[in-house]
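Pasted below: work-v1.tsv, TSV, C-alpha atoms.
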chain	number	residue	atom	x	y	z
A	1	MET	CA	-35.45	-52.17	-56.50
A	2	ARG	CA	-36.61	-48.95	-58.09
A	3	VAL	CA	-37.06	-46.00	-55.70
A	4	ILE	CA	-39.10	-42.82	-55.95
A	5	GLU	CA	-37.92	-39.75	-54.03
A	6	PRO	CA	-41.24	-38.00	-53.33
A	7	HIS	CA	-39.79	-34.76	-51.93
A	8	ILE	CA	-36.45	-33.16	-52.75
A	9	HIS	CA	-35.31	-29.66	-53.71
A	10	MET	CA	-32.95	-30.44	-56.55
A	11	ILE	CA	-32.45	-26.75	-57.30
A	12	ALA	CA	-30.21	-26.81	-54.22
A	13	ARG	CA	-28.40	-30.05	-55.06
A	14	THR	CA	-25.47	-30.86	-57.29
A	15	ALA	CA	-25.18	-32.99	-60.40
A	16	GLN	CA	-23.26	-35.45	-58.23
A	17	ASP	CA	-26.38	-35.82	-56.06
A	18	TYR	CA	-28.40	-36.74	-59.14
A	19	GLU	CA	-25.72	-39.27	-60.03
A	20	ARG	CA	-25.68	-40.76	-56.50
A	21	MET	CA	-29.47	-40.96	-56.48
A	22	ALA	CA	-29.48	-42.76	-59.82
A	23	ARG	CA	-26.84	-45.22	-58.64
A	24	MET	CA	-28.94	-45.90	-55.50
A	25	GLY	CA	-31.95	-46.80	-57.64
A	26	THR	CA	-33.92	-43.56	-57.81
A	27	VAL	CA	-35.98	-43.44	-60.98
A	28	ALA	CA	-38.20	-40.42	-60.25
A	29	CYS	CA	-38.16	-37.45	-57.91
A	30	CYS	CA	-40.58	-34.67	-57.00
A	31	GLU	CA	-39.69	-31.09	-56.17
A	32	PRO	CA	-42.27	-29.10	-54.19
A	33	ALA	CA	-41.99	-25.33	-54.42
A	34	PHE	CA	-40.47	-23.97	-51.22
A	35	TRP	CA	-38.24	-21.37	-49.58
A	36	ALA	CA	-34.89	-20.79	-51.26
A	37	GLY	CA	-32.97	-20.07	-48.06
A	38	TYR	CA	-33.76	-16.36	-48.37
A	39	ASP	CA	-36.93	-14.33	-48.89
A	40	ARG	CA	-37.52	-13.50	-52.55
A	41	GLN	CA	-37.65	-9.79	-53.24
A	42	SER	CA	-40.49	-9.82	-55.79
A	43	PRO	CA	-43.28	-12.05	-57.09
A	44	GLU	CA	-41.38	-12.19	-60.39
A	45	ALA	CA	-38.64	-14.13	-58.59
A	46	PHE	CA	-41.22	-16.85	-58.00
A	47	TYR	CA	-42.11	-16.80	-61.67
A	48	ASP	CA	-38.49	-17.58	-62.53
A	49	TYR	CA	-38.32	-20.21	-59.78
A	50	PHE	CA	-41.44	-21.99	-61.04
A	51	HIS	CA	-39.98	-21.92	-64.51
A	52	HIS	CA	-36.76	-23.46	-63.20
A	53	ILE	CA	-38.40	-26.38	-61.36
A	54	SER	CA	-40.91	-27.10	-64.15
A	55	ASP	CA	-38.56	-26.77	-67.09
A	56	TYR	CA	-34.85	-26.83	-66.31
A	57	GLU	CA	-34.73	-29.48	-63.56
A	58	PRO	CA	-36.52	-32.15	-65.63
A	59	THR	CA	-33.86	-31.67	-68.29
A	60	ARG	CA	-31.04	-31.94	-65.75
A	61	ALA	CA	-32.57	-35.01	-64.09
A	62	ALA	CA	-33.07	-36.76	-67.42
A	63	GLN	CA	-29.30	-36.89	-67.90
A	64	TYR	CA	-29.28	-39.29	-64.94
A	65	LEU	CA	-32.32	-41.29	-66.15
A	66	ILE	CA	-34.48	-39.76	-63.41
A	67	ASP	CA	-37.98	-38.41	-64.09
A	68	HIS	CA	-38.36	-35.03	-62.39
A	69	TYR	CA	-41.75	-33.67	-61.31
A	70	CYS	CA	-42.68	-30.51	-59.42
A	71	TRP	CA	-45.35	-28.95	-57.24
A	72	ILE	CA	-46.26	-25.27	-57.48
A	73	CYS	CA	-47.29	-22.84	-54.70
A	74	ILE	CA	-46.35	-19.91	-52.49
A	75	ASN	CA	-44.62	-21.59	-49.57
A	76	PRO	CA	-45.58	-20.88	-45.93
A	77	LYS	CA	-42.25	-19.28	-45.01
A	78	GLU	CA	-42.94	-16.49	-47.50
A	79	ALA	CA	-46.72	-16.33	-47.07
A	80	GLU	CA	-46.87	-13.78	-44.23
A	81	ASP	CA	-47.34	-10.91	-46.70
A	82	VAL	CA	-50.83	-11.63	-48.01
A	83	VAL	CA	-50.75	-9.10	-50.86
A	84	PHE	CA	-47.39	-10.41	-52.08
A	85	SER	CA	-48.64	-13.99	-51.80
A	86	ARG	CA	-51.76	-13.29	-53.82
A	87	GLU	CA	-49.63	-11.87	-56.64
A	88	VAL	CA	-47.75	-15.16	-56.74
A	89	ILE	CA	-50.97	-17.17	-56.56
A	90	SER	CA	-52.25	-15.27	-59.60
A	91	PHE	CA	-49.79	-17.02	-61.92
A	92	ILE	CA	-49.76	-20.47	-60.28
A	93	PRO	CA	-52.46	-21.85	-62.68
A	94	GLU	CA	-50.18	-21.16	-65.65
A	95	PHE	CA	-47.49	-23.41	-64.19
A	96	LEU	CA	-49.92	-26.13	-63.10
A	97	GLU	CA	-50.46	-26.73	-66.81
A	98	ARG	CA	-46.82	-27.73	-67.28
A	99	PRO	CA	-46.39	-31.43	-68.20
A	100	THR	CA	-44.47	-32.28	-65.02
A	101	ALA	CA	-46.48	-30.25	-62.47
A	102	LEU	CA	-48.34	-32.66	-60.17
A	103	GLY	CA	-50.32	-30.29	-57.97
A	104	ILE	CA	-50.21	-27.53	-55.36
A	105	GLY	CA	-47.47	-27.76	-52.74
A	106	GLU	CA	-45.80	-27.60	-50.44
A	107	ILE	CA	-48.34	-25.31	-48.85
A	108	GLY	CA	-48.86	-25.18	-45.11
A	109	LEU	CA	-47.77	-23.30	-42.03
A	110	ASN	CA	-44.45	-22.10	-40.68
A	111	MET	CA	-45.05	-19.97	-37.57
A	112	ASN	CA	-48.76	-20.80	-37.42
A	113	THR	CA	-49.87	-17.18	-38.00
A	114	SER	CA	-53.30	-16.11	-39.20
A	115	ASN	CA	-51.81	-14.70	-42.43
A	116	GLU	CA	-50.12	-18.00	-43.20
A	117	MET	CA	-53.41	-19.75	-42.55
A	118	THR	CA	-55.23	-17.37	-44.90
A	119	ILE	CA	-52.86	-18.15	-47.75
A	120	PHE	CA	-52.99	-21.87	-46.95
A	121	MET	CA	-56.78	-21.83	-47.21
A	122	GLU	CA	-56.76	-19.83	-50.45
A	123	GLN	CA	-54.40	-22.33	-52.05
A	124	VAL	CA	-56.53	-25.25	-50.87
A	125	GLU	CA	-59.47	-23.57	-52.57
A	126	LEU	CA	-57.39	-23.14	-55.73
A	127	ALA	CA	-56.49	-26.84	-55.63
A	128	LEU	CA	-60.14	-27.81	-55.31
A	129	LYS	CA	-61.16	-25.46	-58.10
A	130	LEU	CA	-58.51	-26.86	-60.46
A	131	ASP	CA	-58.83	-30.49	-59.27
A	132	GLN	CA	-55.22	-30.66	-58.08
A	133	LEU	CA	-53.43	-32.93	-55.61
A	134	VAL	CA	-52.13	-31.18	-52.47
A	135	TRP	CA	-48.76	-31.57	-50.71
A	136	ILE	CA	-48.65	-30.05	-47.20
A	137	HIS	CA	-45.62	-28.86	-45.22
A	138	THR	CA	-46.06	-29.15	-41.46
A	139	PRO	CA	-44.05	-26.74	-39.26
A	140	HIS	CA	-40.71	-27.49	-37.68
A	141	LEU	CA	-39.91	-28.60	-34.14
A	142	ASN	CA	-42.06	-27.16	-31.36
A	143	ASP	CA	-44.59	-25.58	-33.76
A	144	LYS	CA	-45.38	-28.85	-35.55
A	145	LEU	CA	-48.16	-30.20	-33.34
A	146	LYS	CA	-50.14	-26.95	-33.17
A	147	GLY	CA	-49.78	-26.24	-36.90
A	148	THR	CA	-50.76	-29.75	-37.89
A	149	LYS	CA	-53.89	-29.55	-35.76
A	150	MET	CA	-54.80	-26.15	-37.27
A	151	MET	CA	-54.62	-27.47	-40.82
A	152	LEU	CA	-56.36	-30.74	-39.99
A	153	ASP	CA	-59.21	-28.89	-38.28
A	154	TYR	CA	-59.67	-26.73	-41.36
A	155	LEU	CA	-59.50	-29.52	-43.93
A	156	VAL	CA	-61.74	-31.92	-41.99
A	157	GLY	CA	-64.24	-29.16	-41.28
A	158	HIS	CA	-64.18	-27.99	-44.89
A	159	GLY	CA	-66.29	-30.88	-46.09
A	160	GLY	CA	-65.11	-30.72	-49.69
A	161	VAL	CA	-61.58	-32.10	-49.34
A	162	ASP	CA	-60.84	-35.73	-50.29
A	163	PRO	CA	-58.13	-36.82	-47.80
A	164	GLY	CA	-56.92	-39.42	-50.28
A	165	ARG	CA	-55.64	-36.58	-52.47
A	166	VAL	CA	-53.67	-34.80	-49.72
A	167	VAL	CA	-50.29	-35.62	-48.12
A	168	PHE	CA	-49.16	-34.18	-44.80
A	169	ASP	CA	-45.36	-34.18	-44.91
A	170	HIS	CA	-42.73	-34.09	-42.15
A	171	THR	CA	-44.94	-36.08	-39.78
A	172	GLU	CA	-43.40	-37.51	-36.61
A	173	GLU	CA	-44.55	-39.52	-33.60
A	174	HIS	CA	-46.85	-36.81	-32.25
A	175	THR	CA	-48.58	-35.91	-35.53
A	176	ILE	CA	-48.74	-39.03	-37.69
A	177	GLY	CA	-51.64	-40.61	-35.81
A	178	LEU	CA	-53.73	-37.44	-36.11
A	179	VAL	CA	-53.12	-37.26	-39.85
A	180	ARG	CA	-53.87	-40.93	-40.49
A	181	ASP	CA	-56.95	-41.04	-38.27
A	182	ALA	CA	-58.40	-38.25	-40.44
A	183	GLY	CA	-57.78	-40.35	-43.58
A	184	PHE	CA	-54.91	-38.33	-45.09
A	185	TRP	CA	-51.63	-39.66	-46.43
A	186	SER	CA	-48.61	-39.11	-44.20
A	187	ALA	CA	-45.03	-38.57	-45.29
A	188	MET	CA	-41.99	-38.81	-43.03
A	189	THR	CA	-38.81	-36.89	-43.75
A	190	VAL	CA	-35.44	-38.37	-42.83
A	191	TYR	CA	-32.86	-35.74	-41.87
A	192	PRO	CA	-29.43	-36.14	-40.29
A	193	ILE	CA	-30.41	-34.17	-37.15
A	194	THR	CA	-33.98	-32.86	-37.08
A	195	LYS	CA	-37.23	-34.56	-38.18
A	196	ASN	CA	-36.91	-38.40	-38.33
A	197	SER	CA	-34.06	-40.90	-38.23
A	198	PRO	CA	-34.24	-44.09	-40.34
A	199	ALA	CA	-34.91	-46.19	-37.22
A	200	ARG	CA	-37.80	-43.99	-36.06
A	201	VAL	CA	-39.39	-44.10	-39.51
A	202	ILE	CA	-39.40	-47.89	-39.44
A	203	ASP	CA	-40.76	-47.82	-35.86
A	204	LEU	CA	-43.75	-45.84	-37.14
A	205	ILE	CA	-44.28	-48.11	-40.14
A	206	GLU	CA	-44.30	-51.11	-37.79
A	207	LYS	CA	-46.78	-49.29	-35.55
A	208	PHE	CA	-49.17	-47.93	-38.19
A	209	GLY	CA	-48.70	-50.16	-41.25
A	210	VAL	CA	-47.53	-49.52	-44.80
A	211	ASP	CA	-50.74	-48.07	-46.22
A	212	ARG	CA	-50.82	-44.33	-46.99
A	213	MET	CA	-47.16	-44.09	-45.87
A	214	ILE	CA	-44.54	-42.11	-47.80
A	215	VAL	CA	-40.90	-41.52	-46.89
A	216	ASP	CA	-38.67	-38.78	-48.27
A	217	ALA	CA	-35.24	-37.22	-47.80
A	218	SER	CA	-36.47	-33.70	-48.49
A	219	GLY	CA	-32.94	-32.68	-49.41
A	220	ASP	CA	-32.41	-28.95	-49.77
A	221	TRP	CA	-29.74	-26.32	-49.07
A	222	GLY	CA	-29.55	-27.15	-45.32
A	223	PRO	CA	-28.27	-30.19	-43.41
A	224	SER	CA	-29.85	-32.99	-45.49
A	225	ASP	CA	-28.81	-35.76	-47.85
A	226	PRO	CA	-30.60	-37.67	-50.63
A	227	ALA	CA	-28.95	-40.81	-49.23
A	228	THR	CA	-31.09	-40.73	-46.06
A	229	LEU	CA	-33.98	-42.15	-48.10
A	230	HIS	CA	-31.82	-45.09	-49.10
A	231	ASP	CA	-30.46	-45.43	-45.54
A	232	THR	CA	-34.07	-45.94	-44.49
A	233	ILE	CA	-34.59	-48.65	-47.11
A	234	PHE	CA	-31.54	-50.43	-45.67
A	235	GLU	CA	-32.91	-49.92	-42.14
A	236	MET	CA	-36.23	-51.54	-43.11
A	237	ARG	CA	-34.38	-54.51	-44.61
A	238	LYS	CA	-32.12	-54.80	-41.55
A	239	ARG	CA	-35.23	-54.93	-39.40
A	240	GLY	CA	-36.36	-58.05	-41.25
A	241	HIS	CA	-39.18	-56.73	-43.42
A	242	CYS	CA	-39.96	-58.51	-46.68
A	243	ASP	CA	-38.94	-57.04	-50.02
A	244	GLU	CA	-42.60	-56.57	-51.02
A	245	ASP	CA	-43.30	-54.27	-48.06
A	246	VAL	CA	-40.09	-52.32	-48.67
A	247	GLU	CA	-41.10	-51.82	-52.29
A	248	THR	CA	-44.59	-50.76	-51.21
A	249	VAL	CA	-43.25	-47.95	-49.04
A	250	PHE	CA	-40.46	-46.68	-51.27
A	251	TYR	CA	-41.85	-47.21	-54.77
A	252	ASN	CA	-45.47	-48.33	-54.97
A	253	ASN	CA	-46.96	-45.92	-52.43
A	254	PRO	CA	-45.61	-42.86	-54.25
A	255	CYS	CA	-47.03	-44.38	-57.45
A	256	TYR	CA	-50.46	-44.82	-55.83
A	257	PHE	CA	-50.60	-41.25	-54.54
A	258	LEU	CA	-48.85	-39.37	-57.32
A	259	GLY	CA	-50.49	-41.55	-59.99
A	260	GLN	CA	-53.78	-39.84	-59.18
A	261	CYS	CA	-52.33	-37.16	-61.46
A	262	ASP	CA	-52.25	-38.47	-65.03
A	263	LYS	CA	-48.93	-36.71	-65.67
A	264	PHE	CA	-47.06	-39.10	-63.32
A	265	LYS	CA	-45.75	-41.89	-65.53
A	266	LYS	CA	-44.29	-44.55	-63.22
A	267	LYS	CA	-46.61	-47.50	-62.57
A	268	PRO	CA	-46.84	-49.66	-59.42
A	269	THR	CA	-45.65	-53.25	-59.54
A	270	ARG	CA	-48.85	-54.59	-57.95
A	271	SER	CA	-52.31	-53.44	-56.94
A	272	ARG	CA	-52.88	-51.22	-53.92
A	273	ASP	CA	-55.23	-53.73	-52.33
A	274	GLU	CA	-52.63	-56.45	-52.57
A	275	ALA	CA	-49.80	-54.24	-51.32
A	276	TRP	CA	-51.76	-52.94	-48.33
A	277	ALA	CA	-53.41	-56.24	-47.33
B	278	MET	CA	-59.88	-50.74	-34.77
B	279	SER	CA	-57.57	-47.80	-34.18
B	280	ASP	CA	-55.16	-46.83	-36.92
B	281	GLU	CA	-52.24	-47.69	-34.67
B	282	ALA	CA	-53.40	-51.32	-34.53
B	283	ARG	CA	-52.96	-51.74	-38.30
B	284	GLY	CA	-49.17	-52.04	-38.05
B	285	LYS	CA	-47.69	-55.51	-38.27
B	286	GLY	CA	-45.07	-54.84	-35.59
B	287	SER	CA	-41.45	-55.88	-35.86
B	288	PRO	CA	-40.43	-59.15	-37.50
B	289	LYS	CA	-37.58	-59.30	-34.97
B	290	THR	CA	-37.66	-60.32	-31.32
B	291	ALA	CA	-37.03	-57.82	-28.55
B	292	GLY	CA	-33.66	-59.39	-27.90
B	293	GLU	CA	-32.66	-59.10	-31.54
B	294	LEU	CA	-33.71	-55.43	-31.59
B	295	LEU	CA	-31.73	-54.74	-28.42
B	296	ASP	CA	-28.67	-56.34	-29.96
B	297	LEU	CA	-29.21	-54.27	-33.10
B	298	TYR	CA	-29.64	-50.92	-31.38
B	299	TYR	CA	-27.92	-51.10	-27.98
B	300	LEU	CA	-24.74	-49.29	-28.98
B	301	ASP	CA	-26.71	-46.58	-30.80
B	302	LEU	CA	-28.87	-46.01	-27.73
B	303	ARG	CA	-25.86	-45.99	-25.43
B	304	SER	CA	-24.20	-43.43	-27.67
B	305	ALA	CA	-27.29	-41.19	-27.76
B	306	LEU	CA	-27.54	-41.05	-23.97
B	307	LEU	CA	-23.80	-40.50	-23.61
B	308	GLU	CA	-24.00	-37.58	-26.06
B	309	LEU	CA	-26.72	-35.99	-23.93
B	310	ALA	CA	-24.69	-36.40	-20.75
B	311	ALA	CA	-21.48	-35.10	-22.31
B	312	GLY	CA	-23.28	-32.21	-24.01
B	313	LEU	CA	-24.79	-31.00	-20.76
B	314	ASP	CA	-21.39	-31.31	-19.04
B	315	ARG	CA	-19.90	-29.23	-21.86
B	316	VAL	CA	-22.49	-26.48	-21.51
B	317	GLN	CA	-22.25	-26.39	-17.73
B	318	ALA	CA	-18.45	-26.27	-17.69
B	319	ALA	CA	-18.27	-23.28	-20.03
B	320	GLN	CA	-18.35	-19.65	-18.95
B	321	GLY	CA	-21.95	-18.85	-17.98
B	322	GLY	CA	-22.70	-22.53	-17.56
B	323	ALA	CA	-24.64	-22.14	-14.32
B	324	ASP	CA	-27.18	-19.91	-16.08
B	325	ALA	CA	-27.22	-21.94	-19.31
B	326	ILE	CA	-28.08	-25.12	-17.47
B	327	GLN	CA	-31.26	-23.37	-16.32
B	328	ASP	CA	-32.24	-22.55	-19.93
B	329	ILE	CA	-35.74	-23.79	-20.77
B	330	ARG	CA	-34.31	-25.95	-23.56
B	331	VAL	CA	-32.03	-27.75	-21.12
B	332	GLN	CA	-34.85	-28.12	-18.64
B	333	ARG	CA	-37.01	-29.70	-21.32
B	334	LEU	CA	-34.24	-32.18	-22.13
B	335	LEU	CA	-33.91	-33.07	-18.46
B	336	GLU	CA	-37.68	-33.48	-18.15
B	337	GLY	CA	-37.59	-35.61	-21.28
B	338	SER	CA	-34.84	-37.86	-19.98
B	339	GLN	CA	-36.79	-38.32	-16.76
B	340	LEU	CA	-39.92	-39.11	-18.79
B	341	VAL	CA	-38.06	-41.73	-20.84
B	342	GLY	CA	-37.05	-43.43	-17.62
B	343	THR	CA	-40.49	-43.45	-16.02
B	344	VAL	CA	-43.23	-44.01	-18.62
B	345	GLU	CA	-43.79	-47.56	-19.80
B	346	ARG	CA	-44.69	-47.01	-23.49
B	347	ASP	CA	-44.90	-44.38	-26.23
B	348	ARG	CA	-41.77	-42.69	-24.88
B	349	ALA	CA	-40.98	-40.95	-28.19
B	350	LEU	CA	-44.56	-39.71	-28.55
B	351	ARG	CA	-44.60	-38.38	-24.98
B	352	PHE	CA	-41.20	-36.71	-25.48
B	353	GLN	CA	-42.44	-35.00	-28.66
B	354	GLU	CA	-45.55	-33.77	-26.85
B	355	LEU	CA	-43.39	-32.42	-24.03
B	356	LEU	CA	-41.28	-30.45	-26.51
B	357	SER	CA	-44.43	-29.16	-28.22
B	358	GLY	CA	-45.59	-27.52	-25.01
B	359	ASP	CA	-43.17	-24.56	-25.14
What's the structure tokens form of this structure?
Amino acid sequence: MRVIEPHIHMIARTAQDYERMARMGTVACCEPAFWAGYDRQSPEAFYDYFHHISDYEPTRAAQYLIDHYCWICINPKEAEDVVFSREVISFIPEFLERPTALGIGEIGLNMNTSNEMTIFMEQVELALKLDQLVWIHTPHLNDKLKGTKMMLDYLVGHGGVDPGRVVFDHTEEHTIGLVRDAGFWSAMTVYPITKNSPARVIDLIEKFGVDRMIVDASGDWGPSDPATLHDTIFEMRKRGHCDEDVETVFYNNPCYFLGQCDKFKKKPTRSRDEAWA
Amino acid sequence: MSDEARGKGSPKTAGELLDLYYLDLRSALLELAAGLDRVQAAQGGADAIQDIRVQRLLEGSQLVGTVERDRALRFQELLSGD
């Protein structure tokens, strides 16, 4: 079965990770713009970073037969300085024109501050203006529920946001129902310690269904592993689910969501209506 | 129909799931017990065991033993209340 990794920070991963991913069936991966493990010292550092994920990583991934896509934004962990953030936002449109840039992300909240919310809203407006898909980061641990509610309240109240073009990532038991009830896509991240385990992801798929469900490993420079996505595929099979449903979650669903951007080349193996019936 | 009701549920029986996960669940609870012993036995353990994080874990373990469904959801909500 072919697998799409919808969220991974390959800038922080080795060539051996690309090789492992390829051997495990990964045929495409997506790299949202995020924190690098340290605060960048200038907006120009973001310019170089955007260049890296939109130009160099696709070349590196291609050596392992993996299509590499990216998302562009100022991430919430570095969005507290509004003036700094707006400088970065000023050159985001240039990178959204790159052939592998799928949309604006991962925007969102980190500590749920008003400045973070301001920059989140400005980037949502930019996405609407430029007709871009949106990938949302929800906060970690104890801040997740409050931050998710803040962003949902804004987007639902906005009136101009199509929830079918927005993913809320890092959802867990206490946030996934809120996101889905509002019509948005939900993504679940599988980490070795925090976020979700493979078993809990399958619990939530059994509870809510396969529609509008995405799973990712979100590998970066911290405790994480591209293999957790594939561990979750094995978990779903162990739990007795049919191959068609497994393929829906780990290949077709990313195709349905990401395929709303013409630049995404992989095609689903069957129609959405059939897969979600 | 609520969104929750859209899920197909597990293809496996409860007994099969218990067989599949029992040792994992046993291990997870044992890790909690041993971890709290470890913290309490160390220098400053009496104070550390009163830490709000430990108290939340103890409240959570009590919650898991008393509520009849949505244990993970309720535990997450408890931790979100800090």
Distance table requested - chain B against chain A, cut-off 6 Å, only C-alpha atoms: one row per qualifying residue with the closest atom pair and its distance in Å to one decimal, ordered by chain and rising residue number, as CSV.
residue,atom,partner,partner_atom,distance
B:Glu281,CA,A:Phe208,CA,4.7
B:Arg283,CA,A:Phe208,CA,5.4
B:Gly284,CA,A:Gly209,CA,3.7
B:Lys285,CA,A:Glu206,CA,5.6
B:Gly286,CA,A:Glu206,CA,4.4
B:Ser287,CA,A:Glu206,CA,5.9
B:Pro288,CA,A:Gly240,CA,5.6
B:Leu350,CA,A:Glu173,CA,5.1
B:Gln353,CA,A:His174,CA,6.0
B:Leu356,CA,A:Asn142,CA,5.9
B:Ser357,CA,A:Asn142,CA,4.4
**Request:** For CA of Asp169 (chain A) and CA of Pro139 (chain A), quote the distance in Å rounded to one decimal.
**Result:**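 About the pair CA of Asp169 (chain A) and CA of Pro139 (chain A): they are 9.4 Å apart.
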**Item:** Straight-line distance linking CA of Ala310 (chain B) with CA of Pro192 (chain A), stated in Å to one decimal
**Value:**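 Calculated distance between CA of Ala310 (chain B) and CA of Pro192 (chain A) is 20.1 Å.
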**Message:** Give me, as an NGL selection string, all polymer residues having an atom no more than 8 Å from region 186-189 of chain A, counting all atoms listed in the file and skipping those fewer than 6 positions away in the same chain.
**Reply:** :A and (167-172 or 176 or 179-180 or 195-196 or 201 or 212-218)
**Asked** Leaving out Gln317 (chain B) and any residue of its chain fewer than 6 positions from it, which residues lie within 10 Å of it when counting only C-alpha atoms, given as a ChimeraX atom specification?
**Response** /B:311,323-327
**Request:** Work out how far apart CA of Lys265 (chain A) and CA of Tyr18 (chain A) are and give it in Å to one decimal.
**Result:**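 CA of Lys265 (chain A) sits 19.2 Å away from CA of Tyr18 (chain A).
Counting all atoms listed in the file, the residue from A:Glu122, A:Met111, A:Leu133, A:Leu128 that sits nearest to Gly159 (chain A) is A:Leu128.
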**Message:** Counting all atoms listed in the file, which residue out of B:Leu334, B:Leu294, B:Leu340, B:Leu300 sits closest to Leu313 (chain B)?
**Reply:**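 The closest residue to Leu313 (chain B) is B:Leu334.
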Output as JSON lines one row per residue of region 110-158 of chain A within 12 Å of region 58-79 of chain A: the closest atom pair and its distance in Å to one decimal place, counting all atoms listed in the file, sorted by chain and residue number ascending.
{"residue": "A:Asn110", "atom": "CA", "partner": "A:Pro76", "partner_atom": "CA", "distance": 5.5}
{"residue": "A:Met111", "atom": "CA", "partner": "A:Lys77", "partner_atom": "CA", "distance": 8.0}
{"residue": "A:Asn112", "atom": "CA", "partner": "A:Pro76", "partner_atom": "CA", "distance": 9.1}
{"residue": "A:Thr113", "atom": "CA", "partner": "A:Ala79", "partner_atom": "CA", "distance": 9.6}
{"residue": "A:Ser114", "atom": "CA", "partner": "A:Ala79", "partner_atom": "CA", "distance": 10.3}
{"residue": "A:Asn115", "atom": "CA", "partner": "A:Ala79", "partner_atom": "CA", "distance": 7.1}
{"residue": "A:Glu116", "atom": "CA", "partner": "A:Ala79", "partner_atom": "CA", "distance": 5.4}
{"residue": "A:Met117", "atom": "CA", "partner": "A:Pro76", "partner_atom": "CA", "distance": 8.6}
{"residue": "A:Thr118", "atom": "CA", "partner": "A:Ala79", "partner_atom": "CA", "distance": 8.8}
{"residue": "A:Ile119", "atom": "CA", "partner": "A:Ala79", "partner_atom": "CA", "distance": 6.4}
{"residue": "A:Phe120", "atom": "CA", "partner": "A:Pro76", "partner_atom": "CA", "distance": 7.5}
{"residue": "A:Met121", "atom": "CA", "partner": "A:Pro76", "partner_atom": "CA", "distance": 11.3}
{"residue": "A:Glu122", "atom": "CA", "partner": "A:Ile74", "partner_atom": "CA", "distance": 10.6}
{"residue": "A:Gln123", "atom": "CA", "partner": "A:Cys73", "partner_atom": "CA", "distance": 7.6}
{"residue": "A:Val124", "atom": "CA", "partner": "A:Cys73", "partner_atom": "CA", "distance": 10.3}
{"residue": "A:Leu126", "atom": "CA", "partner": "A:Cys73", "partner_atom": "CA", "distance": 10.2}
{"residue": "A:Ala127", "atom": "CA", "partner": "A:Cys73", "partner_atom": "CA", "distance": 10.1}
{"residue": "A:Gln132", "atom": "CA", "partner": "A:Trp71", "partner_atom": "CA", "distance": 10.1}
{"residue": "A:Leu133", "atom": "CA", "partner": "A:Trp71", "partner_atom": "CA", "distance": 9.2}
{"residue": "A:Val134", "atom": "CA", "partner": "A:Trp71", "partner_atom": "CA", "distance": 8.6}
{"residue": "A:Trp135", "atom": "CA", "partner": "A:Trp71", "partner_atom": "CA", "distance": 7.8}
{"residue": "A:Ile136", "atom": "CA", "partner": "A:Asn75", "partner_atom": "CA", "distance": 9.7}
{"residue": "A:His137", "atom": "CA", "partner": "A:Pro76", "partner_atom": "CA", "distance": 8.0}
{"residue": "A:Thr138", "atom": "CA", "partner": "A:Pro76", "partner_atom": "CA", "distance": 9.4}
{"residue": "A:Pro139", "atom": "CA", "partner": "A:Pro76", "partner_atom": "CA", "distance": 9.0}
{"residue": "A:His140", "atom": "CA", "partner": "A:Lys77", "partner_atom": "CA", "distance": 11.1}
{"residue": "A:Gly147", "atom": "CA", "partner": "A:Pro76", "partner_atom": "CA", "distance": 11.3}
